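Enquirer: Before I ask anything, let me first share the structure, which is written out below as structure tokens.
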Amino acid sequence: MDNNQMDSKLRNSYQRRKKFKVLGAVGRNLGLTVYAVFALFPLLWMVLCSFKPDTEMYNTVFRFHPTTANYSAVLIGTDYFKAFYQNFVVSALAVLITIVAGVPIAYALARYNFKKKENVAFTILSFKFAPEILVSLPVFLIFQKIGLYDTYFGLIWVYQLVTMPLLIWVLRGYFEDISVEIEQAAQLDGYRWYEIFLKTLVPLIKPGLVSVALLAFIFAWNDFTFPLILSGSSIQTITITSLRYLASDTVHYGQVAVASTIAVLPEVIACLFIQKHLVRGLSFGAVKG
């Protein structure tokens with residue numbers, strides 16, 4: 001085989017590899033696009049319905065005449081923004097208190113050995129798996145007795161049942177993976193215990209803390225059972241407010257779509273802002289699990 005034949009063979013081989021590489025990239029992007037459309041279709045359909053009049057909701061033939069009447073009816077005709085604000089306040093404060101109380105508990109369960117430590121940890125985790133409806137009735141009776149029914153503090157307090165176990169169990173794994181020698185080195189440098197905790201340990205668990213805080217916020221934000229039973233006319237969350245658009249004789253699908261579309265905005269915006277920490281934190285958690 002002379003040099004020309006060898007060059008021609010190498011050139012053909014390179015062109016085939018380049019062709020397969022381009023086809024592979026096109027197929028991969030096409031597959032990801034199809035999956036993205038499939039995964040986001042409910043969200044896209046919800047946004048689409050928010051701009052459709054009720055008369056077009058029941059048509060078997062797709063017709064789309066965009067209107068903002070649903071947004072006007074929900075945002076101007078009702079107190080949706082008040083429910084949005086109240087939902088944000090109770091969810092954000094619940095997550096803040098969960099972080100303040102849950103991070104030291106996770107550290108204690110990871111670092112210290114004490115009697116029945118695993119039983120305590122499992123009991124905390126069991127709060128997460130307990131059905132909310134199972135504890136709602138006794139909590140409702142207790143709250144009415146002590147005056148916490150239909151109050152901010154009552155909802156914030158009970159949301160700890162939803163958010164605290166997840167945070168403790170995720171961060172416990174992060175603390176266990178941090179070497180004790182790091183804390184000992186900080187002690188030799190003259191740091192006090194709270195300085196070691198805040199300046200050394202908290203930055204190391206930051207990806208997990210951010211990701212689990214977002215998940216805790218989502219759980220609290222989307223909760224339906226507790227605000228349905230424990231709130232009245234003073235405190236209304238958006239999950240409860242959305243029920244107003246479901247009448248006994250008809251359902252205003254467009255207004256429900258508006259309420260749902262606006263309700264998911266804080267979660268989507270939060271995910272976009274902390275995307276880097278979220279991916280890193282969840283991937284670390286997956287490896288540990």
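All residue names refer to the structure tokens as shown: chains lettered A, B, ... in order, residues numbered from 1 in each chain, ligands numbered from 1 in order.
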Write out as a count of residues only which residues come within 9 Å of A:Phe226 when counting only C-alpha atoms, dropping same-chain ones fewer than 3 positions away.

Expert: 11

Enquirer: Might you pull out every residue within 10 Å of A:Leu48, with only C-alpha atoms counted and same-chain residues fewer than 3 positions away left off, and present them as a PDB file with N, CA, C and O atoms, in the first residue's frame?

Expert:
```pdb
ATOM      1  N   PRO A  42     -46.622  19.205  31.277  1.00  0.00           N
ATOM      2  CA  PRO A  42     -47.662  19.644  32.230  1.00  0.00           C
ATOM      3  C   PRO A  42     -47.540  21.112  32.595  1.00  0.00           C
ATOM      4  O   PRO A  42     -48.553  21.815  32.721  1.00  0.00           O
ATOM      5  N   LEU A  43     -46.286  21.577  32.779  1.00  0.00           N
ATOM      6  CA  LEU A  43     -46.082  22.987  33.122  1.00  0.00           C
ATOM      7  C   LEU A  43     -46.474  23.894  31.957  1.00  0.00           C
ATOM      8  O   LEU A  43     -47.131  24.928  32.143  1.00  0.00           O
ATOM      9  N   LEU A  44     -46.078  23.491  30.739  1.00  0.00           N
ATOM     10  CA  LEU A  44     -46.432  24.287  29.563  1.00  0.00           C
ATOM     11  C   LEU A  44     -47.948  24.317  29.358  1.00  0.00           C
ATOM     12  O   LEU A  44     -48.525  25.363  29.014  1.00  0.00           O
ATOM     13  N   TRP A  45     -48.588  23.182  29.559  1.00  0.00           N
ATOM     14  CA  TRP A  45     -50.050  23.111  29.394  1.00  0.00           C
ATOM     15  C   TRP A  45     -50.762  23.962  30.438  1.00  0.00           C
ATOM     16  O   TRP A  45     -51.777  24.604  30.146  1.00  0.00           O
ATOM     17  N   PHE A  51     -54.171  31.216  29.978  1.00  0.00           N
ATOM     18  CA  PHE A  51     -54.536  32.260  29.012  1.00  0.00           C
ATOM     19  C   PHE A  51     -55.757  31.882  28.176  1.00  0.00           C
ATOM     20  O   PHE A  51     -56.085  32.577  27.221  1.00  0.00           O
ATOM     21  N   LYS A  52     -56.400  30.772  28.505  1.00  0.00           N
ATOM     22  CA  LYS A  52     -57.568  30.343  27.741  1.00  0.00           C
ATOM     23  C   LYS A  52     -58.857  30.666  28.506  1.00  0.00           C
ATOM     24  O   LYS A  52     -58.914  30.494  29.733  1.00  0.00           O
ATOM     25  N   PHE A  64     -57.239  28.361  20.517  1.00  0.00           N
ATOM     26  CA  PHE A  64     -56.511  29.182  21.469  1.00  0.00           C
ATOM     27  C   PHE A  64     -56.670  30.653  21.110  1.00  0.00           C
ATOM     28  O   PHE A  64     -56.121  31.136  20.125  1.00  0.00           O
ATOM     29  N   PRO A  66     -55.916  33.825  23.169  1.00  0.00           N
ATOM     30  CA  PRO A  66     -55.342  34.270  24.446  1.00  0.00           C
ATOM     31  C   PRO A  66     -56.130  35.404  25.083  1.00  0.00           C
ATOM     32  O   PRO A  66     -56.591  36.328  24.412  1.00  0.00           O
ATOM     33  N   GLY A 254     -59.148  27.920  34.095  1.00  0.00           N
ATOM     34  CA  GLY A 254     -58.220  28.997  33.780  1.00  0.00           C
ATOM     35  C   GLY A 254     -57.712  29.703  35.025  1.00  0.00           C
ATOM     36  O   GLY A 254     -56.517  29.989  35.145  1.00  0.00           O
ATOM     37  N   ALA A 257     -55.368  27.472  36.852  1.00  0.00           N
ATOM     38  CA  ALA A 257     -54.066  27.473  36.173  1.00  0.00           C
ATOM     39  C   ALA A 257     -53.269  28.722  36.520  1.00  0.00           C
ATOM     40  O   ALA A 257     -52.047  28.659  36.698  1.00  0.00           O
ATOM     41  N   VAL A 258     -53.945  29.870  36.618  1.00  0.00           N
ATOM     42  CA  VAL A 258     -53.255  31.109  37.014  1.00  0.00           C
ATOM     43  C   VAL A 258     -52.682  30.973  38.423  1.00  0.00           C
ATOM     44  O   VAL A 258     -51.505  31.296  38.674  1.00  0.00           O
ATOM     45  N   THR A 261     -49.750  28.573  38.325  1.00  0.00           N
ATOM     46  CA  THR A 261     -48.577  29.106  37.618  1.00  0.00           C
ATOM     47  C   THR A 261     -47.811  30.079  38.498  1.00  0.00           C
ATOM     48  O   THR A 261     -46.573  30.027  38.583  1.00  0.00           O
TER      49      THR A 261
END
```

Enquirer: Using only C-alpha atoms, what does the table of stretch 50-80 of chain A residues within 12 Å of stretch 262-279 of chain A look like, with each row giving the shortest atom pair and its distance in Å to one decimal, sorted by chain and ascending number, as a tab-separated table?

Expert:
```
residue	atom	partner	partner_atom	distance
A:Ser50	CA	A:Ile262	CA	10.1
A:Tyr71	CA	A:Ile262	CA	9.8
A:Val74	CA	A:Ile262	CA	10.4
A:Leu75	CA	A:Ile262	CA	9.9
A:Tyr80	CA	A:Ile262	CA	9.9
```
